[in-house]
Every structure is written in C-alpha cells, then in structure tokens.
Amino acid sequence: MSDPQPVQTDHASVSRRRFLKIAGGGVAGSSLLTMLEARQAPAQIRGTTLRILQWSHFIPAYDAWYDKFAKEWGDKNGVKVRVDHIPHLEIPARMAAEFAAGSGHDIIYNGSSILTRLYYKNLVDLSDVADAAGKKYGGWIPSARTLVEVEGRFYGLPLFYILLPMLYRKDLFDANNLKAPDTWELARVAARTLKPKGHPTGIQLSQCADANLNWRSLFFSFGGQEADASGENILIDSKELREALRFSKALFDEGMTAEVFSWDDASDNRFLASGVGCWIHDAISAYRTTEDTNPPVFKNTVIALEPQGPGGKRVSVAAPNVWMVWKFSKNQQAAKEFLAHLIDNDIEGMNQSRGYNMPYLNDRYQKPMPVIGTDPKMQILQDFPKIVAFYGHPGPSTTPIQEVVNTFVFPDIFTKVARGESIDAAVKWGVGEYRRIYAKHKRP
Amino acid sequence: MSEGQHSGGPDAVGARAAAVSVVSSTRPSGWFRSQTSRRLAFGYLLLAPAVLYVLLLVGAPFLFSIYLALSDANVGDPVASFVGLENFRAALESDVFYIALRNSILFTVVAAIFKGLLGTTLAFLLLQPFRGKKLIRGLVVIPFTLPITISVLSWKWMYDSQFSVINWFLSRLGLIGSYGSPDWPIWLGEPYLALSACIIVNVWRTFPFSAIVLLAGFTSVPNEILDAARVDGTSFFQRFRYVVVPMIAPILLIGFLFDTVFTLSDLSIVYLLTQGGPANATKILPVLAYQIGIQAGALGRGAAIALFLFPLLLPLMILMLRNLKRRED
C-alpha cells in the first residue's frame, strides 16, 4: 500500500483576486450555514423588503396564520415582509410574467404544477437550506427530491403536500355487509352494490387537478409507471395501463354516473357531503367540508389507506407544494432565512391547515402527528409517506410531464375509455400524445 | 432726395435682400408650402397618438408573437433559437388542435347567430315606449358589465351536476326526472351539452352589447324614411330588411367585427367552466394556447396555436372592411 502523497498545488496560479473570491465565498457560505444552524438571521437583511407570492390555501385559517407568521418573522429581523395571495392556477402565468420582467417577488410558490425544471437556471440553489433541514429532521422522504432536485441540487424547497386518501361511508358499507375498501377491487364491489341503492361513487373524468391525481394513483397501484428514473423515457404503454383502464371502465359502468364527466376539484367534496356518495378518493378537504355541512354523514365517514392494486401495491399520488427563490431577487439571503424558519415551523403549518399540509421531512412522521395523530379517523394518514408519489412516478417532475399534466392527457385516456372508446384506441391516442410532447422537449 | 436716398441706396437694397432671404428661409419648404399640405400634416399629427398606440400595443405584440411562434422560446429560458415553422407543424400534428379549431369556429358562429337574433329582438323591444324603459335599458347591460369571473362562476353553480338550479326548475316543471334519473342533464359533462353550455354563457354575457349597438343604429334611422316606407305599404320585415339594415349596415358590420374578435379570442368562459373538458370536448384555441404556452411553459408552441386565430379572422376582416369601404364610396 503506498503512502498518501501530498496534494500538489500550483501556487503561482492562485491570484490575489481568486484568493479573495474563494476566501470570501467560504466565509459567506460558512456564516450562512452557521446562521441556519443557529436559526439566527444575519444583520445584513435588516431594513430590506421580502416579497412572497403565495397561493390562496383551501383552509383560509392557514393563510391568516401564514401572513401573521411572516410578519412576525419580519418584525423580529427588521425585514418588511409582503405576502400576496393568488389562486394557484394563476401561478404559472404570474411566474412567466415575473421571469420575463426580471422582477417581482423574491419567493414564489408552486402548487400542483411544479415548474422547477423549467426555471431552475433562474432559481437560487437552495441546497444549503434543504440540506440543513434534512440533517436536522431525519432527511427528506424519497419522493420530495423528484420535485425540486436538478443535477443534484435543490432548486426549490418542498414544504408540504396534500394527500388524496379514500373516504368512505362506513354506515353504508356495514349495512350492506361490504368490506372496507382496502383494495381497488373491494372499492369497485362496494360501488357496484351501492349505486343501485342511490349511493354511487365518483372520480373526476374531466379536466381538473383531481382527475390527474386520482387516476394516476390507481394506475401506479396497478403497478404502472409513467416515466423512468431519468424522466426521459415514457413507460405508460404497458399491460398495467390496459388493466387499469379495463378496471376503470367497469368501475364507471357499475358504480358511477355521468356527472363525473363534469366534475371539478370540489364536486366530489359536495358529492360526499350531500350524503349521496358511498366513497370518494379525495383530499381531506372533503372530510372537512362534510364535518362543517353535514354532521350525520361526517360521523359515518371514514378515511382509509390508499387501496391496493391487484399486485398488492399501494401508491398514493399527492398534490405537491414547493417554494422557490428567483435568481433576480435582490434579497436572496432574507428569502433563504425565511424559508429555513418556515420549514422549522411546518408542524405549526400542519396544525393551522387542520391536518391538510403533510410534511416532507421524515422526523415529522413520529406518531402521534399533530391533528391527524389525535383524531382516530385520521390517524391512518400518518402511514402515507412511504407510498406517496408525484406526477411522472417513479421519475422526476420534468418539463414534459408538466405539459402532459397541464393538457390532461392522462385522465383523458380514462375518460375516452369510460365514454366507450376501445382501450387500444385510447392507449394509442394517449401514448401518441405523450410521445409527441416528449419529442418536442427533446428537440435540439 | 437723391435716387440713392429715395430707393434707400445700395445698403438699403442689401438690407432688404437680406430681410427677404431671412423671410424666405423661415418659410415652409417643398410640399409643406401650401395650405392643403399643412392641413394634411396637422391631420397626421393628430393621428399620430392613435397610430403610435396601435403600433406599440397591437403591432409590437403581434410581431413579438410571430417571433415567439418561429422560435423554441419557453418561459424559463430567455435565449430562444429560430425553429422555422416547427411549432406550426407540431400544432398540426396534434388531434387536440383540430378539435380546438373546430370548436372555436363552431363556438363563434353559433354564438354570433344567437347574439344577432336575441340582440335584434331586445333592441326592438327597447325601442317600444313602456314604463321603466330607462331602468330596463340599464339592467340589460348588467351581464356585460359584471366581472367575467363572477358571472361564469355563478353559471358554473347553475350547471352543477348535482345542485343545478336549471335542472331543479326543469324537474319541478316535470320536464325531466329527479337527480340521478337518466334524463337529468349533466350540463358540463356531455360533450355537446358542455359546448352548448359555454356558448349559452357567452351569448348571455354579450347579447346586450349587440342590442345596445343595434339600438343606437335603429334610433339613427330618420322616422320620415320609415313613414315613407309605411305609406308605400311595406311590412315590418320589409322595412327592416330593405330600409333599416342598409342604413345601419356600417354600425352592424363594426359591431359584428368586434363581437367576432372578442368571441374567438375569449379564454375565460371555457377555461373557468370546463378547462376544455370533458376529454377536450370544449377545448378552443385560446385555452389550448394558454395551457401549452403558459401553464406548460412552451411559449413558442403556445404562440403558434394562438396565431392560428389570425388567418381565421383576417379574411373576415378584409371582407367586412371592403364592404364598408364600398358603402362609403
């Protein structure tokens, strides 16, 4: 074994400017890491302004808390914080406008449509903040990286995701000797049994976010995959997709009504709250809506784990939410400080959102979790992080996937089959659309 | 007095000549000399703000959208390279594009027919003398003046698959069954019904505009001419067809042109009601362009799809403007 050799350095090549640059960068980097560790904002950010573009949360109390939280952080650190709320569907347009203008907010929120890969060259590398948070809270759940990681760097900070579990009427199931919908097959049997009794089920077969999420959950639980780990190659053309489509056609014919073709993201909430639906696959906003509007139905509504597919697999596709910082921001340091503070307090965010916001950090899943850990009917949600996935599963959230999502290609394949088109024709159309979109993004 | 004094002498002559040359140098030169040309220049000066406005706010964005359509621009990359007609080819390769094109034309034509019929009827009704006429005239323009988001979201509730007030009303009248019955209309769920639902909202929102335009035209027709036509024994429809319409044709054409442009480029109604679903049954070109250009970030392809509206509108505009010009001549 040879002895380690001293590293040869070319002293002559280190100029004074280069020395100062490296030393300065090292000092700035280490001071930021130290401050992140100690959670103490640097004096330089005092007197600055931080502008945040945020969505309007489905739980208004969360927005009230967030605004107050941001203001308190600003007051404490001498930073004037301004938070603007807009509907999440308007975020991509606003982001495009701000990028084109080269000015706007410092921190920008992405929900559902995660545009990290589209903008990463113009976003601040948040790896230092993400690494510090990961180190502190037991690491990130695996799917978190698929949203924001590009070339090994975090260009966004995942803060929470929104689960879409199974919500079913236990009273109706019990009265008809039906087993809990632990598998998609059991869910179908329940729908088939209860539809003739005036209690159909429903999953959106329209162009809305929930349709994108729900049908992917079913497909992935059937063993399907959307793209490979590189995100470059499409994998949907598979026997699993055909199997999922055959199943969905039967589920629609036996257990749903045509109204699912017209549904938006809130229709299934109302469907459950009205007492008609026997089960839905939706965010817990449906559970909360029912709690607020129809207490007898709420009393009998149970939340269940993602149903298993035929191979016993469970994959739950969730709606992701991440925060990013523009490179043109003149207040990047304050932005990073604020985001680090925000992630330290994500549990409070979970409280304020009534259990809606699910964290991406492993240590946050220590039971009992806030809100969902104390409500017996919601405790099952604590078991979701292992099965959570996002668009493009198992691949990352790439730019072509975002186009596929925004043009609703995936749910449209299911809609076509439900409307009577043959599985082969629908798959041919859908795969063709995927290939066309991917090819366009690959063109030099 | 010597001649030199009389005439002012050689110095005075020189001074006069200098004065003359000074005056002549301050005079407008070339075509600007005549009164007509100065009036013309003044006219151009008055027109300049409007021309600048059109060039900056219409011409520049239009040229920019052509530039985008010929490039691989995306929202996250400021550097775009020239790709020729690639984006147009990409649009033509997509089935969804043809559905959107067909729907855009259908949407515009059907909506225009209904707006024409309802607008004309309403305008005639508003011409009649009745109590509270001013109040009614004010009320009918409410759909047009309401923020589009609010009115479309109200319609969305009215079209709700479960709680539709329209269905409730029809059910109460015994025209359809109750919720869950096969004849319960799913307004935004059935392809043709969904497209019709979007057209209904567009018609509801903009036919008062048509009515107001027509009303302005009708009131400009002198009563003497109508009376003369009556004396000649013409019927109501003959007076309308052969007297009123030719007289108000310029107003009708301009109104129709505006309405066509607004309808063809309207994104909000379809986007808010269906986002183009179910399965692209209500997809129109502006919605597709927005989804691809802004939401998915492919600016070049989005611009190319949006530009397909231009050849649709151009022949129509040329025809109408030529017709207007002929009438003026």
# chains A, B, ... in the order shown; residues from 1 in each chain; ligands from 1
call {"tool": "residues_around", "arguments": {"residues": "stretch 173-190 of chain B", "least_positions_apart": "2", "cutoff": "6 Å", "atoms": "only C-alpha atoms", "output": "PDB file with N, CA and C atoms, in the first residue's frame"}}
result
ATOM      1  N   GLU A 259     -72.187  12.165 -14.200  1.00  0.00           N
ATOM      2  CA  GLU A 259     -71.833  13.500 -13.678  1.00  0.00           C
ATOM      3  C   GLU A 259     -70.328  13.657 -13.463  1.00  0.00           C
ATOM      4  N   PHE A 261     -68.107  13.335 -15.485  1.00  0.00           N
ATOM      5  CA  PHE A 261     -67.512  13.996 -16.654  1.00  0.00           C
ATOM      6  C   PHE A 261     -67.507  15.515 -16.491  1.00  0.00           C
ATOM      7  N   SER A 262     -68.344  16.007 -15.588  1.00  0.00           N
ATOM      8  CA  SER A 262     -68.451  17.465 -15.431  1.00  0.00           C
ATOM      9  C   SER A 262     -67.806  17.959 -14.139  1.00  0.00           C
TER      10      SER A 262
ATOM     11  N   TYR B 159     -74.925  25.157 -13.481  1.00  0.00           N
ATOM     12  CA  TYR B 159     -74.724  23.940 -14.285  1.00  0.00           C
ATOM     13  C   TYR B 159     -74.270  22.755 -13.435  1.00  0.00           C
ATOM     14  N   SER B 161     -73.624  19.473 -11.528  1.00  0.00           N
ATOM     15  CA  SER B 161     -74.243  18.183 -11.862  1.00  0.00           C
ATOM     16  C   SER B 161     -75.249  17.744 -10.801  1.00  0.00           C
ATOM     17  N   LEU B 170     -86.413  22.598 -14.102  1.00  0.00           N
ATOM     18  CA  LEU B 170     -86.975  21.703 -15.133  1.00  0.00           C
ATOM     19  C   LEU B 170     -87.652  20.496 -14.496  1.00  0.00           C
ATOM     20  N   SER B 171     -87.059  20.023 -13.436  1.00  0.00           N
ATOM     21  CA  SER B 171     -87.620  18.865 -12.729  1.00  0.00           C
ATOM     22  C   SER B 171     -88.958  19.227 -12.092  1.00  0.00           C
ATOM     23  N   TYR B 192     -71.558  17.649 -26.252  1.00  0.00           N
ATOM     24  CA  TYR B 192     -72.287  18.704 -26.974  1.00  0.00           C
ATOM     25  C   TYR B 192     -73.020  19.643 -26.019  1.00  0.00           C
ATOM     26  N   LEU B 193     -73.488  19.055 -24.914  1.00  0.00           N
ATOM     27  CA  LEU B 193     -74.163  19.879 -23.915  1.00  0.00           C
ATOM     28  C   LEU B 193     -73.157  20.862 -23.288  1.00  0.00           C
ATOM     29  N   ALA B 194     -71.943  20.377 -23.055  1.00  0.00           N
ATOM     30  CA  ALA B 194     -70.917  21.222 -22.417  1.00  0.00           C
ATOM     31  C   ALA B 194     -70.548  22.389 -23.343  1.00  0.00           C
TER      32      ALA B 194
END
call {"tool": "interface_residues", "arguments": {"of": "chain B", "to": "chain A", "cutoff": "7 Å", "atoms": "only C-alpha atoms", "output": "ChimeraX atom specification"}}
result
/B:75-76,161,186,188-189,274-279,291-292,294-296
call {"tool": "atom_distance", "arguments": {"atom1": "atom CA of A:Pro310", "atom2": "atom CA of A:Ala187"}}
result
12.3 Å
call {"tool": "atom_distance", "arguments": {"atom1": "atom CA of B:Lys115", "atom2": "atom CA of B:Phe207"}}
result
4.8 Å
call {"tool": "closest_residue", "arguments": {"among": "A:Val129, A:Ala190, A:Ala101, A:Leu339", "to": "A:Arg169", "atoms": "only C-alpha atoms"}}
result
A:Ala190
call {"tool": "closest_atom_pairs", "arguments": {"of": "stretch 160-279 of chain B", "to": "stretch 124-137 of chain B", "cutoff": "9 Å", "atoms": "only C-alpha atoms", "output": "Markdown table"}}
result
| residue | atom | partner | partner_atom | distance |
| --- | --- | --- | --- | --- |
| B:Ala211 | CA | B:Phe124 | CA | 8.5 |
| B:Ile212 | CA | B:Arg137 | CA | 8.7 |
| B:Leu214 | CA | B:Phe124 | CA | 8.7 |
| B:Leu215 | CA | B:Leu127 | CA | 7.2 |
| B:Phe218 | CA | B:Leu127 | CA | 8.2 |
| B:Thr219 | CA | B:Leu127 | CA | 8.0 |
call {"tool": "write_last_selection", "arguments": {"atoms": "N, CA and C atoms", "output": "short mmCIF file (atom, residue, chain, number, x, y, z; two decimals), in the first residue's frame"}}
result
data_model
loop_
_atom_site.label_atom_id
_atom_site.label_comp_id
_atom_site.auth_asym_id
_atom_site.auth_seq_id
_atom_site.Cartn_x
_atom_site.Cartn_y
_atom_site.Cartn_z
N ALA B 211 -77.40 44.26 -28.59
CA ALA B 211 -78.66 45.01 -28.54
C ALA B 211 -78.40 46.50 -28.46
N ILE B 212 -77.44 46.90 -27.65
CA ILE B 212 -77.16 48.33 -27.49
C ILE B 212 -76.61 48.92 -28.80
N LEU B 214 -77.24 47.77 -31.83
CA LEU B 214 -78.36 47.84 -32.76
C LEU B 214 -79.32 48.97 -32.42
N LEU B 215 -79.53 49.14 -31.13
CA LEU B 215 -80.43 50.20 -30.67
C LEU B 215 -79.92 51.56 -31.14
N PHE B 218 -80.72 51.76 -34.80
CA PHE B 218 -82.15 51.95 -35.08
C PHE B 218 -82.59 53.39 -34.83
N THR B 219 -82.09 53.94 -33.74
CA THR B 219 -82.53 55.29 -33.40
C THR B 219 -81.97 56.34 -34.37
#
call {"tool": "closest_residue", "arguments": {"among": "A:Tyr155, A:Phe410, A:Phe328, A:Tyr434", "to": "A:Leu245", "atoms": "only C-alpha atoms"}}
result
A:Phe410
call {"tool": "select_by_dssp", "arguments": {"residues": "stretch 65-233 of chain A", "states": "alpha helix (DSSP H)", "output": "ChimeraX atom specification"}}
result
/A:65-77,91-101,116-119,127-136,142-148,170-175,184-194,209-221
call {"tool": "write_last_selection", "arguments": {"atoms": "C-alpha atoms", "output": "PDB file, in the first residue's frame"}}
result
ATOM      1  CA  TRP A  65     -51.621  32.188  10.167  1.00  0.00           C
ATOM      2  CA  TYR A  66     -49.029  32.348   7.373  1.00  0.00           C
ATOM      3  CA  ASP A  67     -49.407  36.095   6.941  1.00  0.00           C
ATOM      4  CA  LYS A  68     -49.058  36.673  10.673  1.00  0.00           C
ATOM      5  CA  PHE A  69     -46.131  34.277  10.870  1.00  0.00           C
ATOM      6  CA  ALA A  70     -44.327  36.070   8.038  1.00  0.00           C
ATOM      7  CA  LYS A  71     -44.979  39.473   9.565  1.00  0.00           C
ATOM      8  CA  GLU A  72     -43.715  38.370  12.978  1.00  0.00           C
ATOM      9  CA  TRP A  73     -40.542  36.984  11.407  1.00  0.00           C
ATOM     10  CA  GLY A  74     -40.123  40.245   9.536  1.00  0.00           C
ATOM     11  CA  ASP A  75     -40.636  42.364  12.637  1.00  0.00           C
ATOM     12  CA  LYS A  76     -38.130  40.292  14.570  1.00  0.00           C
ATOM     13  CA  ASN A  77     -35.489  40.546  11.860  1.00  0.00           C
ATOM     14  CA  ILE A  91     -49.230  30.947 -10.539  1.00  0.00           C
ATOM     15  CA  PRO A  92     -47.669  29.674 -13.826  1.00  0.00           C
ATOM     16  CA  ALA A  93     -48.803  32.799 -15.697  1.00  0.00           C
ATOM     17  CA  ARG A  94     -47.542  35.084 -12.936  1.00  0.00           C
ATOM     18  CA  MET A  95     -44.259  33.225 -12.799  1.00  0.00           C
ATOM     19  CA  ALA A  96     -43.789  33.603 -16.556  1.00  0.00           C
ATOM     20  CA  ALA A  97     -44.548  37.326 -16.320  1.00  0.00           C
ATOM     21  CA  GLU A  98     -42.124  37.873 -13.441  1.00  0.00           C
ATOM     22  CA  PHE A  99     -39.406  35.940 -15.212  1.00  0.00           C
ATOM     23  CA  ALA A 100     -39.883  37.921 -18.411  1.00  0.00           C
ATOM     24  CA  ALA A 101     -39.806  41.200 -16.500  1.00  0.00           C
ATOM     25  CA  THR A 116     -38.598  23.756 -11.032  1.00  0.00           C
ATOM     26  CA  ARG A 117     -37.052  22.119 -14.089  1.00  0.00           C
ATOM     27  CA  LEU A 118     -38.392  24.760 -16.391  1.00  0.00           C
ATOM     28  CA  TYR A 119     -36.898  27.635 -14.405  1.00  0.00           C
ATOM     29  CA  SER A 127     -29.397  23.066  -1.282  1.00  0.00           C
ATOM     30  CA  ASP A 128     -27.876  24.651   1.818  1.00  0.00           C
ATOM     31  CA  VAL A 129     -31.303  25.292   3.335  1.00  0.00           C
ATOM     32  CA  ALA A 130     -32.607  21.869   2.254  1.00  0.00           C
ATOM     33  CA  ASP A 131     -29.530  20.014   3.499  1.00  0.00           C
ATOM     34  CA  ALA A 132     -29.653  21.777   6.847  1.00  0.00           C
ATOM     35  CA  ALA A 133     -33.357  20.925   7.240  1.00  0.00           C
ATOM     36  CA  GLY A 134     -32.777  17.341   6.107  1.00  0.00           C
ATOM     37  CA  LYS A 135     -29.938  16.915   8.588  1.00  0.00           C
ATOM     38  CA  LYS A 136     -31.998  18.372  11.375  1.00  0.00           C
ATOM     39  CA  PRO A 142     -37.724   9.961  -1.174  1.00  0.00           C
ATOM     40  CA  SER A 143     -40.383  11.469  -3.423  1.00  0.00           C
ATOM     41  CA  ALA A 144     -39.551  15.022  -2.254  1.00  0.00           C
ATOM     42  CA  ARG A 145     -36.385  15.099  -4.332  1.00  0.00           C
ATOM     43  CA  THR A 146     -38.228  14.262  -7.561  1.00  0.00           C
ATOM     44  CA  LEU A 147     -39.954  17.626  -7.369  1.00  0.00           C
ATOM     45  CA  VAL A 148     -37.091  20.021  -6.894  1.00  0.00           C
ATOM     46  CA  LYS A 170     -68.923   3.187   6.939  1.00  0.00           C
ATOM     47  CA  ASP A 171     -72.647   3.098   7.734  1.00  0.00           C
ATOM     48  CA  LEU A 172     -73.500   2.199   4.128  1.00  0.00           C
ATOM     49  CA  PHE A 173     -70.715  -0.372   3.919  1.00  0.00           C
ATOM     50  CA  ASP A 174     -71.765  -2.014   7.199  1.00  0.00           C
ATOM     51  CA  ALA A 175     -75.449  -2.047   6.298  1.00  0.00           C
ATOM     52  CA  TRP A 184     -59.476  -1.234  -5.585  1.00  0.00           C
ATOM     53  CA  GLU A 185     -61.459  -4.407  -6.206  1.00  0.00           C
ATOM     54  CA  LEU A 186     -63.287  -4.039  -2.879  1.00  0.00           C
ATOM     55  CA  ALA A 187     -63.973  -0.399  -3.722  1.00  0.00           C
ATOM     56  CA  ARG A 188     -65.485  -1.493  -7.029  1.00  0.00           C
ATOM     57  CA  VAL A 189     -67.651  -4.152  -5.367  1.00  0.00           C
ATOM     58  CA  ALA A 190     -68.920  -1.536  -2.931  1.00  0.00           C
ATOM     59  CA  ALA A 191     -69.743   0.905  -5.741  1.00  0.00           C
ATOM     60  CA  ARG A 192     -71.498  -1.835  -7.721  1.00  0.00           C
ATOM     61  CA  THR A 193     -73.565  -2.776  -4.687  1.00  0.00           C
ATOM     62  CA  LEU A 194     -74.421   0.711  -3.537  1.00  0.00           C
ATOM     63  CA  ALA A 209     -56.282  18.570 -10.959  1.00  0.00           C
ATOM     64  CA  ASP A 210     -58.007  15.774  -9.027  1.00  0.00           C
ATOM     65  CA  ALA A 211     -58.544  13.780 -12.220  1.00  0.00           C
ATOM     66  CA  ASN A 212     -54.814  13.991 -12.872  1.00  0.00           C
ATOM     67  CA  LEU A 213     -54.035  12.809  -9.355  1.00  0.00           C
ATOM     68  CA  ASN A 214     -56.676  10.135  -8.739  1.00  0.00           C
ATOM     69  CA  TRP A 215     -56.322   8.127 -11.939  1.00  0.00           C
ATOM     70  CA  ARG A 216     -52.560   8.124 -11.544  1.00  0.00           C
ATOM     71  CA  SER A 217     -52.956   6.695  -8.014  1.00  0.00           C
ATOM     72  CA  LEU A 218     -55.000   3.868  -9.464  1.00  0.00           C
ATOM     73  CA  PHE A 219     -52.570   3.278 -12.353  1.00  0.00           C
ATOM     74  CA  PHE A 220     -49.474   3.282 -10.144  1.00  0.00           C
ATOM     75  CA  SER A 221     -51.195   0.985  -7.637  1.00  0.00           C
TER      76      SER A 221
END
call {"tool": "residues_around", "arguments": {"residues": "B:Val141", "least_positions_apart": "3", "cutoff": "7 Å", "atoms": "only C-alpha atoms", "output": "compact mmCIF listing (two decimals) with C-alpha atoms, in the first residue's frame"}}
result
# COMPACT_ATOMS: atom_id res chain seq x y z
CA GLY B 138 -79.74 49.90 -17.58
CA PHE B 144 -71.88 42.65 -19.96
CA THR B 145 -70.60 44.84 -17.16
CA PRO B 208 -76.89 43.01 -24.51
CA PHE B 209 -73.86 44.55 -26.21
call {"tool": "closest_residue", "arguments": {"among": "B:Cys198, B:Leu257, B:Ile284, B:Leu52", "to": "B:Leu321", "atoms": "only C-alpha atoms"}}
result
B:Leu257
call {"tool": "select_by_dssp", "arguments": {"residues": "stretch 62-231 of chain A", "states": "strand (DSSP E)", "output": "PyMOL selection string"}}
result
chain A and resi 80-86+107-111+149-150+153-154+157-162+166-169
call {"tool": "write_last_selection", "arguments": {"atoms": "N, CA and C atoms", "output": "mmCIF file, in the first residue's frame"}}
result
data_model
loop_
_atom_site.group_PDB
_atom_site.id
_atom_site.type_symbol
_atom_site.label_atom_id
_atom_site.label_comp_id
_atom_site.auth_asym_id
_atom_site.auth_seq_id
_atom_site.Cartn_x
_atom_site.Cartn_y
_atom_site.Cartn_z
ATOM 1 N N LYS A 80 -39.172 44.022 6.077
ATOM 2 C CA LYS A 80 -40.569 44.310 5.729
ATOM 3 C C LYS A 80 -41.056 43.191 4.816
ATOM 4 N N VAL A 81 -42.028 42.420 5.286
ATOM 5 C CA VAL A 81 -42.490 41.269 4.500
ATOM 6 C C VAL A 81 -43.851 41.569 3.882
ATOM 7 N N ARG A 82 -43.954 41.315 2.593
ATOM 8 C CA ARG A 82 -45.248 41.484 1.918
ATOM 9 C C ARG A 82 -45.642 40.145 1.311
ATOM 10 N N VAL A 83 -46.846 39.655 1.689
ATOM 11 C CA VAL A 83 -47.313 38.375 1.140
ATOM 12 C C VAL A 83 -48.511 38.641 0.231
ATOM 13 N N ASP A 84 -48.424 38.170 -1.001
ATOM 14 C CA ASP A 84 -49.552 38.295 -1.935
ATOM 15 C C ASP A 84 -50.140 36.906 -2.178
ATOM 16 N N HIS A 85 -51.461 36.820 -2.110
ATOM 17 C CA HIS A 85 -52.130 35.539 -2.336
ATOM 18 C C HIS A 85 -52.890 35.581 -3.660
ATOM 19 N N ILE A 86 -52.680 34.570 -4.493
ATOM 20 C CA ILE A 86 -53.467 34.460 -5.731
ATOM 21 C C ILE A 86 -53.890 32.989 -5.891
ATOM 22 N N ILE A 107 -39.765 35.304 -3.210
ATOM 23 C CA ILE A 107 -40.120 33.889 -3.022
ATOM 24 C C ILE A 107 -41.391 33.629 -3.809
ATOM 25 N N ILE A 108 -41.398 32.517 -4.504
ATOM 26 C CA ILE A 108 -42.580 32.203 -5.309
ATOM 27 C C ILE A 108 -43.011 30.771 -5.011
ATOM 28 N N TYR A 109 -44.312 30.606 -4.897
ATOM 29 C CA TYR A 109 -44.885 29.307 -4.538
ATOM 30 C C TYR A 109 -45.319 28.557 -5.797
ATOM 31 N N ASN A 110 -45.152 27.270 -5.798
ATOM 32 C CA ASN A 110 -45.693 26.405 -6.860
ATOM 33 C C ASN A 110 -46.575 25.349 -6.211
ATOM 34 N N GLY A 111 -47.733 25.160 -6.758
ATOM 35 C CA GLY A 111 -48.622 24.110 -6.246
ATOM 36 C C GLY A 111 -49.126 23.298 -7.407
ATOM 37 N N GLU A 149 -35.203 18.549 -7.284
ATOM 38 C CA GLU A 149 -33.778 18.298 -7.469
ATOM 39 C C GLU A 149 -33.416 18.269 -8.956
ATOM 40 N N VAL A 150 -32.456 19.087 -9.319
ATOM 41 C CA VAL A 150 -31.934 19.083 -10.686
ATOM 42 C C VAL A 150 -30.413 19.030 -10.571
ATOM 43 N N ARG A 153 -28.913 19.290 -7.117
ATOM 44 C CA ARG A 153 -29.124 20.489 -6.295
ATOM 45 C C ARG A 153 -30.615 20.725 -6.079
ATOM 46 N N PHE A 154 -30.943 21.307 -4.946
ATOM 47 C CA PHE A 154 -32.341 21.651 -4.645
ATOM 48 C C PHE A 154 -32.625 23.071 -5.172
ATOM 49 N N LEU A 157 -37.804 24.415 -2.347
ATOM 50 C CA LEU A 157 -37.898 23.824 -1.020
ATOM 51 C C LEU A 157 -39.290 23.208 -0.854
ATOM 52 N N PRO A 158 -39.361 21.877 -0.787
ATOM 53 C CA PRO A 158 -40.679 21.266 -0.605
ATOM 54 C C PRO A 158 -41.161 21.542 0.813
ATOM 55 N N LEU A 159 -42.344 22.043 0.942
ATOM 56 C CA LEU A 159 -42.822 22.343 2.301
ATOM 57 C C LEU A 159 -43.943 21.410 2.735
ATOM 58 N N PHE A 160 -44.894 21.180 1.846
ATOM 59 C CA PHE A 160 -45.933 20.208 2.210
ATOM 60 C C PHE A 160 -46.604 19.666 0.959
ATOM 61 N N TYR A 161 -47.283 18.553 1.126
ATOM 62 C CA TYR A 161 -48.080 18.010 0.030
ATOM 63 C C TYR A 161 -49.471 17.702 0.563
ATOM 64 N N ILE A 162 -50.382 17.508 -0.358
ATOM 65 C CA ILE A 162 -51.770 17.279 0.030
ATOM 66 C C ILE A 162 -52.164 15.870 -0.409
ATOM 67 N N MET A 166 -58.701 7.583 0.567
ATOM 68 C CA MET A 166 -60.040 7.051 0.308
ATOM 69 C C MET A 166 -60.949 7.535 1.440
ATOM 70 N N LEU A 167 -62.106 8.055 1.108
ATOM 71 C CA LEU A 167 -63.072 8.478 2.137
ATOM 72 C C LEU A 167 -64.360 7.709 1.871
ATOM 73 N N TYR A 168 -64.787 6.915 2.823
ATOM 74 C CA TYR A 168 -65.984 6.101 2.557
ATOM 75 C C TYR A 168 -66.997 6.159 3.683
ATOM 76 N N ARG A 169 -68.231 5.801 3.324
ATOM 77 C CA ARG A 169 -69.348 5.844 4.280
ATOM 78 C C ARG A 169 -69.451 4.490 4.982
#
call {"tool": "closest_residue", "arguments": {"among": "A:Asp268, A:Glu226, A:Glu348, A:Glu254", "to": "A:Leu241", "atoms": "only C-alpha atoms"}}
result
A:Glu226
call {"tool": "decode", "arguments": {"residues": "stretch 181-197 of chain A", "atoms": "C-alpha atoms", "output": "tab-separated table (two decimals), in the first residue's frame"}}
result
chain	number	residue	atom	x	y	z
A	181	PRO	CA	-62.17	-0.51	0.53
A	182	ASP	CA	-58.68	-1.72	1.24
A	183	THR	CA	-58.22	-2.82	-2.37
A	184	TRP	CA	-59.48	-1.23	-5.58
A	185	GLU	CA	-61.46	-4.41	-6.21
A	186	LEU	CA	-63.29	-4.04	-2.88
A	187	ALA	CA	-63.97	-0.40	-3.72
A	188	ARG	CA	-65.48	-1.49	-7.03
A	189	VAL	CA	-67.65	-4.15	-5.37
A	190	ALA	CA	-68.92	-1.54	-2.93
A	191	ALA	CA	-69.74	0.91	-5.74
A	192	ARG	CA	-71.50	-1.83	-7.72
A	193	THR	CA	-73.57	-2.78	-4.69
A	194	LEU	CA	-74.42	0.71	-3.54
A	195	LYS	CA	-75.10	2.51	-6.82
A	196	PRO	CA	-78.46	0.78	-7.35
A	197	LYS	CA	-79.35	1.86	-3.81
